[in-house]
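Colleague: Take a look at this one; I'll ask things after.
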Amino acid sequence: MSNQQNEAVLITGCSSGIGHASALYLARQGLTVFASVRKEADAEALRGLNEPNLVPVCPLDLTMHEHIPPILETVKRESESRGIAGLRALVHNAGGGGVAPVELLDLDAFSRELDTRLVGSVALVQAFLPLIRRTDSGRIVWITTPSIIPTPYVASIHAADFAVNCLARTLSIELKPWGIPNVMIRCGGIQTPAAERTYDDLWINLKSCPQDKADLYRKALQEWADSMVDFDAKRTAPEKVAEIVHKAISAAKPRPRYSVGHMAGAAAFLEALPQTLGDTILSMRF
Ligand SMILES: NC(=O)c1ccc[n+]([C@@H]2O[C@H](COP(=O)([O-])OP(=O)(O)OC[C@H]3O[C@@H](n4cnc5c(N)ncnc54)[C@H](OP(=O)(O)O)[C@@H]3O)[C@@H](O)[C@H]2O)c1
């Protein structure tokens with residue numbers, strides 16, 4: 001393990017859930033944590049925690065690429081003032097996504113999600129790679145779902161994850177000359193505000209869909225929501241993800257993938273099956 005007093009990380013989406021828990025945990029381990037949020041009130045709340053290693057940076061909305069240069073300047077300036085040479089890790093965590101059958105997806109929301117998870121993340125990589133190269137052991141960490149399998153009604157989240165998987169693996173190869181690994185932290189069910197919000201959004205969004213189309217799915221969606229009650233009761237605390245993020249950042253040679261959270265292992269198993277078999281097993285559940 002390196003001397004973490006002289007290292008910094010940038011984590012996106014730190015207002016709540018996994019990002020918030022990870023920012024706090026890493027800062028308490030001695031890393032300087034640049035914790036990005038979209039809203040000043042969330043930056044203020046982070047400042048209120050009085051953690052000397054926790055540095056909120058705001059605003060960073062990943063759909064607004066013009067937000068990135070000022071954040072980069074802040075990270076450089078604050079790192080220099082702390083005697084830190086570069087960025088040990090960029091942690092892509094920000095994301096939303098919702099629950100809806102593909103036929104009923106809100107296209108604006110879907111587009112924003114792809115922009116956040118894919119285009120915005122690539123823009124961040126492009127901006128921060130020079131800083132990451134300045135450290136001996138820089139890396140890029142991606143918070144993802146547990147496996148790339150087709151899961152009904154959450155395609156807006158999983159479609160982005162399929163593409164994130166591609167980006168992470170491709171970057172690992174392209175950045176090999178500089179020894180910059182890309183690590184996926186593949187999360188099963190984690191207890192964050194996102195879970196409750198997505199159910200609420202589902203029923204609200206359904207009201208604004210053409211009702212003849214919504215009616216086609218209403219029964220299946222209710223059954224799906226009912227089947228998630230047990231899953232939700234077993235979700236894992238985000239602090240467990242934070243521990244894995246720390247492990248991935250501290251390890252001299254991090255693994256390309258870490259798994260954490262409720263049902264993460266089962267989902268990874270389904271991904272390991274031949275695609276047609278995995279798809280058949282999943283379709284039997286619905
Ligand atoms: N919870 C799970 O079971 C689970 C499982 C697998 C993977 N994940 C992934 O883990 C990540 C974190 O999710 P979470 O469960 O911790 O949810 P969360 O508590 O809702 O946190 C999501 C964070 O992303 C931020 N965000 C959303 N859109 C953004 C944008 N355009 N630009 C910048 N920040 C944005 C949110 O900021 P605001 O507060 O401003 O909206 C918030 O800080 C997501 O990528 C999610 O897909 C979660």
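Each chain in the structure tokens gets a letter, A, B, ..., in the order shown, and its residues are numbered from 1; ligands are numbered from 1 in order too.
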Please return as an mmCIF file with N, CA and C atoms, in the first residue's frame the residues found within 8 Å of ligand 1, counting only C-alpha atoms and all ligand atoms.
Modeller:
data_model
loop_
_atom_site.group_PDB
_atom_site.id
_atom_site.type_symbol
_atom_site.label_atom_id
_atom_site.label_comp_id
_atom_site.auth_asym_id
_atom_site.auth_seq_id
_atom_site.Cartn_x
_atom_site.Cartn_y
_atom_site.Cartn_z
ATOM 1 N N THR A 12 -17.001 11.124 -8.724
ATOM 2 C CA THR A 12 -18.171 11.874 -9.202
ATOM 3 C C THR A 12 -19.442 11.417 -8.473
ATOM 4 N N GLY A 13 -20.397 12.311 -8.396
ATOM 5 C CA GLY A 13 -21.714 11.955 -7.837
ATOM 6 C C GLY A 13 -21.674 11.659 -6.345
ATOM 7 N N CYS A 14 -21.168 12.635 -5.558
ATOM 8 C CA CYS A 14 -20.960 12.376 -4.121
ATOM 9 C C CYS A 14 -22.047 12.954 -3.231
ATOM 10 N N SER A 15 -23.180 13.345 -3.800
ATOM 11 C CA SER A 15 -24.226 13.921 -2.945
ATOM 12 C C SER A 15 -24.902 12.867 -2.081
ATOM 13 N N SER A 16 -24.881 11.611 -2.524
ATOM 14 C CA SER A 16 -25.582 10.564 -1.768
ATOM 15 C C SER A 16 -25.035 9.196 -2.143
ATOM 16 N N GLY A 17 -25.580 8.168 -1.510
ATOM 17 C CA GLY A 17 -25.320 6.777 -1.899
ATOM 18 C C GLY A 17 -23.853 6.374 -1.911
ATOM 19 N N ILE A 18 -23.495 5.643 -2.964
ATOM 20 C CA ILE A 18 -22.155 5.044 -3.064
ATOM 21 C C ILE A 18 -21.069 6.123 -3.121
ATOM 22 N N GLY A 19 -21.330 7.198 -3.879
ATOM 23 C CA GLY A 19 -20.337 8.268 -4.005
ATOM 24 C C GLY A 19 -20.071 8.937 -2.668
ATOM 25 N N HIS A 20 -21.136 9.229 -1.934
ATOM 26 C CA HIS A 20 -21.002 9.897 -0.636
ATOM 27 C C HIS A 20 -20.240 8.995 0.335
ATOM 28 N N SER A 36 -17.107 15.353 -6.288
ATOM 29 C CA SER A 36 -17.890 16.253 -7.146
ATOM 30 C C SER A 36 -19.389 16.092 -6.904
ATOM 31 N N VAL A 37 -20.065 17.244 -6.948
ATOM 32 C CA VAL A 37 -21.531 17.285 -6.819
ATOM 33 C C VAL A 37 -22.067 18.301 -7.824
ATOM 34 N N ARG A 38 -23.383 18.218 -8.054
ATOM 35 C CA ARG A 38 -23.984 19.151 -9.018
ATOM 36 C C ARG A 38 -24.486 20.415 -8.352
ATOM 37 N N LYS A 39 -24.880 20.278 -7.060
ATOM 38 C CA LYS A 39 -25.569 21.413 -6.424
ATOM 39 C C LYS A 39 -24.744 21.983 -5.264
ATOM 40 N N ASP A 42 -25.306 20.587 -1.835
ATOM 41 C CA ASP A 42 -24.644 19.311 -1.522
ATOM 42 C C ASP A 42 -23.161 19.533 -1.195
ATOM 43 N N LEU A 60 -20.351 19.964 -10.972
ATOM 44 C CA LEU A 60 -19.959 19.056 -12.052
ATOM 45 C C LEU A 60 -21.178 18.232 -12.440
ATOM 46 N N ASP A 61 -21.851 18.736 -13.479
ATOM 47 C CA ASP A 61 -22.921 17.954 -14.099
ATOM 48 C C ASP A 61 -22.310 17.363 -15.358
ATOM 49 N N LEU A 62 -22.290 16.040 -15.441
ATOM 50 C CA LEU A 62 -21.564 15.394 -16.543
ATOM 51 C C LEU A 62 -22.223 15.560 -17.906
ATOM 52 N N THR A 63 -23.443 16.104 -17.912
ATOM 53 C CA THR A 63 -24.046 16.399 -19.216
ATOM 54 C C THR A 63 -23.602 17.787 -19.697
ATOM 55 N N MET A 64 -22.866 18.513 -18.858
ATOM 56 C CA MET A 64 -22.430 19.877 -19.218
ATOM 57 C C MET A 64 -20.904 19.898 -19.233
ATOM 58 N N HIS A 92 -15.470 6.934 -11.524
ATOM 59 C CA HIS A 92 -16.734 7.252 -12.205
ATOM 60 C C HIS A 92 -17.871 6.595 -11.436
ATOM 61 N N ASN A 93 -18.627 7.413 -10.731
ATOM 62 C CA ASN A 93 -19.740 6.866 -9.956
ATOM 63 C C ASN A 93 -21.089 7.477 -10.354
ATOM 64 N N ALA A 94 -21.078 8.739 -10.775
ATOM 65 C CA ALA A 94 -22.342 9.451 -11.025
ATOM 66 C C ALA A 94 -23.225 8.707 -12.017
ATOM 67 N N GLY A 95 -24.488 8.659 -11.708
ATOM 68 C CA GLY A 95 -25.433 8.020 -12.630
ATOM 69 C C GLY A 95 -26.820 8.019 -12.027
ATOM 70 N N GLY A 96 -27.790 7.895 -12.863
ATOM 71 C CA GLY A 96 -29.168 7.859 -12.381
ATOM 72 C C GLY A 96 -29.864 6.651 -12.974
ATOM 73 N N GLY A 97 -30.521 6.887 -14.084
ATOM 74 C CA GLY A 97 -31.225 5.769 -14.726
ATOM 75 C C GLY A 97 -32.544 5.531 -14.046
ATOM 76 N N ARG A 112 -29.960 11.771 -21.431
ATOM 77 C CA ARG A 112 -29.162 12.391 -20.351
ATOM 78 C C ARG A 112 -28.328 11.349 -19.631
ATOM 79 N N GLU A 113 -28.922 10.153 -19.437
ATOM 80 C CA GLU A 113 -28.201 9.095 -18.725
ATOM 81 C C GLU A 113 -26.991 8.631 -19.537
ATOM 82 N N ASP A 115 -25.436 10.351 -21.743
ATOM 83 C CA ASP A 115 -24.490 11.470 -21.729
ATOM 84 C C ASP A 115 -23.681 11.460 -20.427
ATOM 85 N N THR A 116 -24.381 11.232 -19.326
ATOM 86 C CA THR A 116 -23.710 11.230 -18.016
ATOM 87 C C THR A 116 -22.719 10.075 -17.916
ATOM 88 N N ARG A 117 -23.216 8.878 -18.196
ATOM 89 C CA ARG A 117 -22.408 7.686 -17.922
ATOM 90 C C ARG A 117 -21.319 7.457 -18.974
ATOM 91 N N GLY A 120 -19.937 11.984 -20.872
ATOM 92 C CA GLY A 120 -19.348 12.776 -19.784
ATOM 93 C C GLY A 120 -18.159 12.070 -19.153
ATOM 94 N N ILE A 143 -17.797 2.445 -11.329
ATOM 95 C CA ILE A 143 -18.844 1.781 -10.534
ATOM 96 C C ILE A 143 -19.915 1.323 -11.530
ATOM 97 N N THR A 144 -20.196 0.031 -11.519
ATOM 98 C CA THR A 144 -21.140 -0.516 -12.502
ATOM 99 C C THR A 144 -22.120 -1.487 -11.835
ATOM 100 N N THR A 145 -23.062 -1.953 -12.640
ATOM 101 C CA THR A 145 -23.930 -3.041 -12.180
ATOM 102 C C THR A 145 -23.127 -4.351 -12.251
ATOM 103 N N PRO A 146 -23.658 -5.434 -11.665
ATOM 104 C CA PRO A 146 -22.796 -6.604 -11.454
ATOM 105 C C PRO A 146 -22.431 -7.401 -12.695
ATOM 106 N N ILE A 157 -30.271 1.731 -17.357
ATOM 107 C CA ILE A 157 -29.063 1.600 -16.520
ATOM 108 C C ILE A 157 -28.108 0.606 -17.176
ATOM 109 N N ASP A 161 -24.252 0.422 -18.831
ATOM 110 C CA ASP A 161 -23.227 -0.463 -18.233
ATOM 111 C C ASP A 161 -22.535 -1.346 -19.259
ATOM 112 N N ARG A 186 -18.203 -3.918 -9.543
ATOM 113 C CA ARG A 186 -19.494 -4.375 -10.029
ATOM 114 C C ARG A 186 -20.418 -4.617 -8.833
ATOM 115 N N CYS A 187 -21.407 -3.729 -8.739
ATOM 116 C CA CYS A 187 -22.251 -3.716 -7.537
ATOM 117 C C CYS A 187 -23.578 -4.430 -7.771
ATOM 118 N N GLY A 188 -23.923 -5.285 -6.830
ATOM 119 C CA GLY A 188 -25.266 -5.872 -6.809
ATOM 120 C C GLY A 188 -26.216 -4.847 -6.184
ATOM 121 N N GLY A 189 -27.222 -5.309 -5.461
ATOM 122 C CA GLY A 189 -28.179 -4.382 -4.847
ATOM 123 C C GLY A 189 -27.546 -3.632 -3.688
ATOM 124 N N ILE A 190 -27.472 -2.315 -3.814
ATOM 125 C CA ILE A 190 -26.880 -1.480 -2.758
ATOM 126 C C ILE A 190 -27.970 -0.561 -2.218
ATOM 127 N N GLN A 191 -27.973 -0.382 -0.891
ATOM 128 C CA GLN A 191 -29.013 0.410 -0.239
ATOM 129 C C GLN A 191 -28.706 1.906 -0.377
ATOM 130 N N THR A 192 -29.251 2.520 -1.403
ATOM 131 C CA THR A 192 -29.028 3.960 -1.614
ATOM 132 C C THR A 192 -30.373 4.608 -1.953
ATOM 133 N N PRO A 193 -30.428 5.944 -1.948
ATOM 134 C CA PRO A 193 -31.700 6.602 -2.286
ATOM 135 C C PRO A 193 -32.175 6.259 -3.693
ATOM 136 N N ALA A 194 -31.253 5.801 -4.558
ATOM 137 C CA ALA A 194 -31.622 5.535 -5.956
ATOM 138 C C ALA A 194 -32.736 4.501 -6.053
ATOM 139 N N ALA A 195 -32.659 3.469 -5.208
ATOM 140 C CA ALA A 195 -33.619 2.373 -5.330
ATOM 141 C C ALA A 195 -35.047 2.883 -5.135
ATOM 142 N N ARG A 197 -36.179 5.914 -5.219
ATOM 143 C CA ARG A 197 -36.535 6.938 -6.203
ATOM 144 C C ARG A 197 -36.980 6.323 -7.529
ATOM 145 N N ARG A 235 -30.571 -5.439 0.344
ATOM 146 C CA ARG A 235 -29.532 -4.603 -0.270
ATOM 147 C C ARG A 235 -28.379 -4.361 0.705
ATOM 148 N N PRO A 238 -23.887 0.947 1.407
ATOM 149 C CA PRO A 238 -22.912 1.545 0.484
ATOM 150 C C PRO A 238 -21.492 1.595 1.057
ATOM 151 N N GLY A 261 -21.936 -6.661 -3.047
ATOM 152 C CA GLY A 261 -23.365 -6.354 -2.940
ATOM 153 C C GLY A 261 -24.264 -7.542 -3.218
#
Colleague: Report the residues of range 147-219 of chain A whose backbone DSSP state falls under alpha helix (DSSP H), written as a ChimeraX atom specification.
Modeller: /A:155-174,193-208,211-219
Colleague: Just how far from CA of Ala41 in chain A is CA of Ala27 in chain A, in Å to one decimal?
Modeller: 19.9 Å
Colleague: Suppose you want the space between CA of Ala21 in chain A and CA of Ala35 in chain A; what is it in Å?
Modeller: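 Taking CA of Ala21 in chain A as the start and CA of Ala35 in chain A as the end point, the length is 10.7 Å.
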Colleague: Which of these, A:Lys76, A:Ile149, A:Glu243, A:Ala252, has the shortest distance to Pro274 in chain A once you count only C-alpha atoms?
Modeller: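 Using only C-alpha atoms, Pro274 in chain A sits closest to A:Ile149.
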Colleague: Find the residues near range 201-213 of chain A: any atom within 9 Å, counting only C-alpha atoms, skip ones fewer than 4 places away on the same chain, and give them as a list in words.
Modeller: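 Result of the neighbour search: Gly98, Val99, Ala100, Glu103, Leu104, Leu105, Asp106, Glu196, Arg197, Tyr217, Arg218 and Leu221 of chain A.
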Colleague: Write a file of the just-selected residues containing N, CA and C atoms, as a PDB file, in the first residue's frame.
Modeller:
ATOM      1  N   GLY A  98     -33.431   4.857 -14.748  1.00  0.00           N
ATOM      2  CA  GLY A  98     -34.747   4.618 -14.171  1.00  0.00           C
ATOM      3  C   GLY A  98     -35.276   3.263 -14.582  1.00  0.00           C
ATOM      4  N   VAL A  99     -36.481   3.000 -14.099  1.00  0.00           N
ATOM      5  CA  VAL A  99     -37.127   1.727 -14.409  1.00  0.00           C
ATOM      6  C   VAL A  99     -38.220   1.993 -15.433  1.00  0.00           C
ATOM      7  N   ALA A 100     -38.148   1.301 -16.552  1.00  0.00           N
ATOM      8  CA  ALA A 100     -39.213   1.383 -17.577  1.00  0.00           C
ATOM      9  C   ALA A 100     -38.915   0.368 -18.659  1.00  0.00           C
ATOM     10  N   GLU A 103     -39.915   0.181 -24.512  1.00  0.00           N
ATOM     11  CA  GLU A 103     -40.959   0.831 -25.329  1.00  0.00           C
ATOM     12  C   GLU A 103     -41.461   2.124 -24.689  1.00  0.00           C
ATOM     13  N   LEU A 104     -41.319   2.220 -23.363  1.00  0.00           N
ATOM     14  CA  LEU A 104     -41.857   3.391 -22.666  1.00  0.00           C
ATOM     15  C   LEU A 104     -40.765   4.331 -22.142  1.00  0.00           C
ATOM     16  N   LEU A 105     -39.504   4.076 -22.527  1.00  0.00           N
ATOM     17  CA  LEU A 105     -38.423   4.918 -22.005  1.00  0.00           C
ATOM     18  C   LEU A 105     -38.647   6.386 -22.365  1.00  0.00           C
ATOM     19  N   ASP A 106     -38.447   7.254 -21.394  1.00  0.00           N
ATOM     20  CA  ASP A 106     -38.441   8.694 -21.653  1.00  0.00           C
ATOM     21  C   ASP A 106     -37.119   9.005 -22.370  1.00  0.00           C
ATOM     22  N   GLU A 196     -35.279   3.581  -4.034  1.00  0.00           N
ATOM     23  CA  GLU A 196     -36.639   4.060  -3.741  1.00  0.00           C
ATOM     24  C   GLU A 196     -37.111   5.049  -4.810  1.00  0.00           C
ATOM     25  N   ARG A 197     -36.179   5.914  -5.219  1.00  0.00           N
ATOM     26  CA  ARG A 197     -36.535   6.938  -6.203  1.00  0.00           C
ATOM     27  C   ARG A 197     -36.980   6.323  -7.529  1.00  0.00           C
ATOM     28  N   TYR A 217     -48.071  -2.980 -20.078  1.00  0.00           N
ATOM     29  CA  TYR A 217     -47.007  -3.392 -19.167  1.00  0.00           C
ATOM     30  C   TYR A 217     -47.395  -3.332 -17.688  1.00  0.00           C
ATOM     31  N   ARG A 218     -48.540  -2.703 -17.385  1.00  0.00           N
ATOM     32  CA  ARG A 218     -48.858  -2.377 -15.990  1.00  0.00           C
ATOM     33  C   ARG A 218     -48.792  -3.611 -15.080  1.00  0.00           C
ATOM     34  N   LEU A 221     -45.218  -4.930 -14.672  1.00  0.00           N
ATOM     35  CA  LEU A 221     -44.401  -4.030 -13.850  1.00  0.00           C
ATOM     36  C   LEU A 221     -44.774  -4.136 -12.377  1.00  0.00           C
TER      37      LEU A 221
END
Colleague: Restricting the calculation to only C-alpha atoms, which member of A:Ala159, A:Val91, A:Val125, A:Gly86 is positioned closest to Ser22 in chain A?
Modeller: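 Nearest to Ser22 in chain A: A:Val91.
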Colleague: Measuring atom to atom with only C-alpha atoms, identify which of A:Ser79, A:Asn50, A:Val102, A:Arg139 is nearest to Lys253 in chain A.
Modeller: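 Of all the options, A:Arg139 lies closest to Lys253 in chain A.
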Colleague: So that I can see what lies close to Ile249 in chain A, please list as a PDB file with N, CA, C and O atoms, in the first residue's frame the residues with an atom at most 8 Å from it, counting only C-alpha atoms and leaving out residues fewer than 3 positions away in the same chain.
Modeller:
ATOM      1  N   ARG A  88      -4.266   9.950  -8.148  1.00  0.00           N
ATOM      2  CA  ARG A  88      -4.124   8.496  -8.016  1.00  0.00           C
ATOM      3  C   ARG A  88      -5.275   7.769  -8.717  1.00  0.00           C
ATOM      4  O   ARG A  88      -5.085   6.724  -9.329  1.00  0.00           O
ATOM      5  N   ALA A  89      -6.488   8.325  -8.603  1.00  0.00           N
ATOM      6  CA  ALA A  89      -7.629   7.625  -9.220  1.00  0.00           C
ATOM      7  C   ALA A  89      -8.752   8.583  -9.589  1.00  0.00           C
ATOM      8  O   ALA A  89      -9.026   9.551  -8.882  1.00  0.00           O
ATOM      9  N   ARG A 139      -4.940   5.179 -11.763  1.00  0.00           N
ATOM     10  CA  ARG A 139      -5.923   4.199 -12.255  1.00  0.00           C
ATOM     11  C   ARG A 139      -7.292   4.862 -12.429  1.00  0.00           C
ATOM     12  O   ARG A 139      -7.548   5.941 -11.893  1.00  0.00           O
ATOM     13  N   VAL A 245     -13.828   0.145  -3.020  1.00  0.00           N
ATOM     14  CA  VAL A 245     -13.219   1.247  -3.791  1.00  0.00           C
ATOM     15  C   VAL A 245     -11.828   1.528  -3.216  1.00  0.00           C
ATOM     16  O   VAL A 245     -10.841   1.671  -3.951  1.00  0.00           O
ATOM     17  N   HIS A 246     -11.738   1.565  -1.885  1.00  0.00           N
ATOM     18  CA  HIS A 246     -10.441   1.817  -1.242  1.00  0.00           C
ATOM     19  C   HIS A 246      -9.439   0.722  -1.591  1.00  0.00           C
ATOM     20  O   HIS A 246      -8.275   0.999  -1.918  1.00  0.00           O
ATOM     21  N   PRO A 254      -4.252  -3.687  -8.863  1.00  0.00           N
ATOM     22  CA  PRO A 254      -5.674  -3.956  -8.642  1.00  0.00           C
ATOM     23  C   PRO A 254      -6.206  -4.990  -9.627  1.00  0.00           C
ATOM     24  O   PRO A 254      -5.680  -5.132 -10.726  1.00  0.00           O
TER      25      PRO A 254
END
Colleague: Residues of range 89-196 of chain A classed as strand (DSSP E or B) by DSSP on the backbone are to be reported as a PyMOL selection string.
Modeller: chain A and resi 89-92+139-144+182-187+189-190
Colleague: Can you write just those residues out, N, CA and C atoms, as a PDB file, in the first residue's frame?
Modeller:
ATOM      1  N   ALA A  89      -6.488   8.325  -8.603  1.00  0.00           N
ATOM      2  CA  ALA A  89      -7.629   7.625  -9.220  1.00  0.00           C
ATOM      3  C   ALA A  89      -8.752   8.583  -9.589  1.00  0.00           C
ATOM      4  N   LEU A  90      -9.357   8.270 -10.707  1.00  0.00           N
ATOM      5  CA  LEU A  90     -10.604   8.923 -11.124  1.00  0.00           C
ATOM      6  C   LEU A  90     -11.690   7.866 -10.951  1.00  0.00           C
ATOM      7  N   VAL A  91     -12.685   8.169 -10.116  1.00  0.00           N
ATOM      8  CA  VAL A  91     -13.744   7.186  -9.840  1.00  0.00           C
ATOM      9  C   VAL A  91     -15.052   7.655 -10.488  1.00  0.00           C
ATOM     10  N   HIS A  92     -15.470   6.934 -11.524  1.00  0.00           N
ATOM     11  CA  HIS A  92     -16.734   7.252 -12.205  1.00  0.00           C
ATOM     12  C   HIS A  92     -17.871   6.595 -11.436  1.00  0.00           C
ATOM     13  N   ARG A 139      -4.940   5.179 -11.763  1.00  0.00           N
ATOM     14  CA  ARG A 139      -5.923   4.199 -12.255  1.00  0.00           C
ATOM     15  C   ARG A 139      -7.292   4.862 -12.429  1.00  0.00           C
ATOM     16  N   ILE A 140      -8.138   4.178 -13.155  1.00  0.00           N
ATOM     17  CA  ILE A 140      -9.503   4.669 -13.380  1.00  0.00           C
ATOM     18  C   ILE A 140     -10.461   3.597 -12.857  1.00  0.00           C
ATOM     19  N   VAL A 141     -11.416   4.036 -12.068  1.00  0.00           N
ATOM     20  CA  VAL A 141     -12.353   3.098 -11.419  1.00  0.00           C
ATOM     21  C   VAL A 141     -13.760   3.395 -11.928  1.00  0.00           C
ATOM     22  N   TRP A 142     -14.483   2.344 -12.255  1.00  0.00           N
ATOM     23  CA  TRP A 142     -15.844   2.481 -12.787  1.00  0.00           C
ATOM     24  C   TRP A 142     -16.798   1.727 -11.865  1.00  0.00           C
ATOM     25  N   ILE A 143     -17.797   2.445 -11.329  1.00  0.00           N
ATOM     26  CA  ILE A 143     -18.844   1.781 -10.534  1.00  0.00           C
ATOM     27  C   ILE A 143     -19.915   1.323 -11.530  1.00  0.00           C
ATOM     28  N   THR A 144     -20.196   0.031 -11.519  1.00  0.00           N
ATOM     29  CA  THR A 144     -21.140  -0.516 -12.502  1.00  0.00           C
ATOM     30  C   THR A 144     -22.120  -1.487 -11.835  1.00  0.00           C
ATOM     31  N   ASN A 182      -7.819  -0.012 -15.617  1.00  0.00           N
ATOM     32  CA  ASN A 182      -9.218   0.386 -15.427  1.00  0.00           C
ATOM     33  C   ASN A 182      -9.899  -0.717 -14.638  1.00  0.00           C
ATOM     34  N   VAL A 183     -10.497  -0.327 -13.548  1.00  0.00           N
ATOM     35  CA  VAL A 183     -11.055  -1.298 -12.605  1.00  0.00           C
ATOM     36  C   VAL A 183     -12.566  -1.117 -12.554  1.00  0.00           C
ATOM     37  N   MET A 184     -13.299  -2.226 -12.727  1.00  0.00           N
ATOM     38  CA  MET A 184     -14.754  -2.136 -12.575  1.00  0.00           C
ATOM     39  C   MET A 184     -15.143  -2.651 -11.194  1.00  0.00           C
ATOM     40  N   ILE A 185     -15.916  -1.851 -10.475  1.00  0.00           N
ATOM     41  CA  ILE A 185     -16.467  -2.326  -9.195  1.00  0.00           C
ATOM     42  C   ILE A 185     -17.923  -2.636  -9.476  1.00  0.00           C
ATOM     43  N   ARG A 186     -18.203  -3.918  -9.543  1.00  0.00           N
ATOM     44  CA  ARG A 186     -19.494  -4.375 -10.029  1.00  0.00           C
ATOM     45  C   ARG A 186     -20.418  -4.617  -8.833  1.00  0.00           C
ATOM     46  N   CYS A 187     -21.407  -3.729  -8.739  1.00  0.00           N
ATOM     47  CA  CYS A 187     -22.251  -3.716  -7.537  1.00  0.00           C
ATOM     48  C   CYS A 187     -23.578  -4.430  -7.771  1.00  0.00           C
ATOM     49  N   GLY A 189     -27.222  -5.309  -5.461  1.00  0.00           N
ATOM     50  CA  GLY A 189     -28.179  -4.382  -4.847  1.00  0.00           C
ATOM     51  C   GLY A 189     -27.546  -3.632  -3.688  1.00  0.00           C
ATOM     52  N   ILE A 190     -27.472  -2.315  -3.814  1.00  0.00           N
ATOM     53  CA  ILE A 190     -26.880  -1.480  -2.758  1.00  0.00           C
ATOM     54  C   ILE A 190     -27.970  -0.561  -2.218  1.00  0.00           C
TER      55      ILE A 190
END
Colleague: Of the candidates A:Phe34, A:Pro152, A:Ala127, A:Thr236, which one gets nearest to Arg77 in chain A if we count only C-alpha atoms?
Modeller: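 With only C-alpha atoms as the atom set, the closest residue is A:Phe34.
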Colleague: CA of Glu271 in chain A and CA of Lys247 in chain A are how many Å apart?
Modeller: 23.9 Å
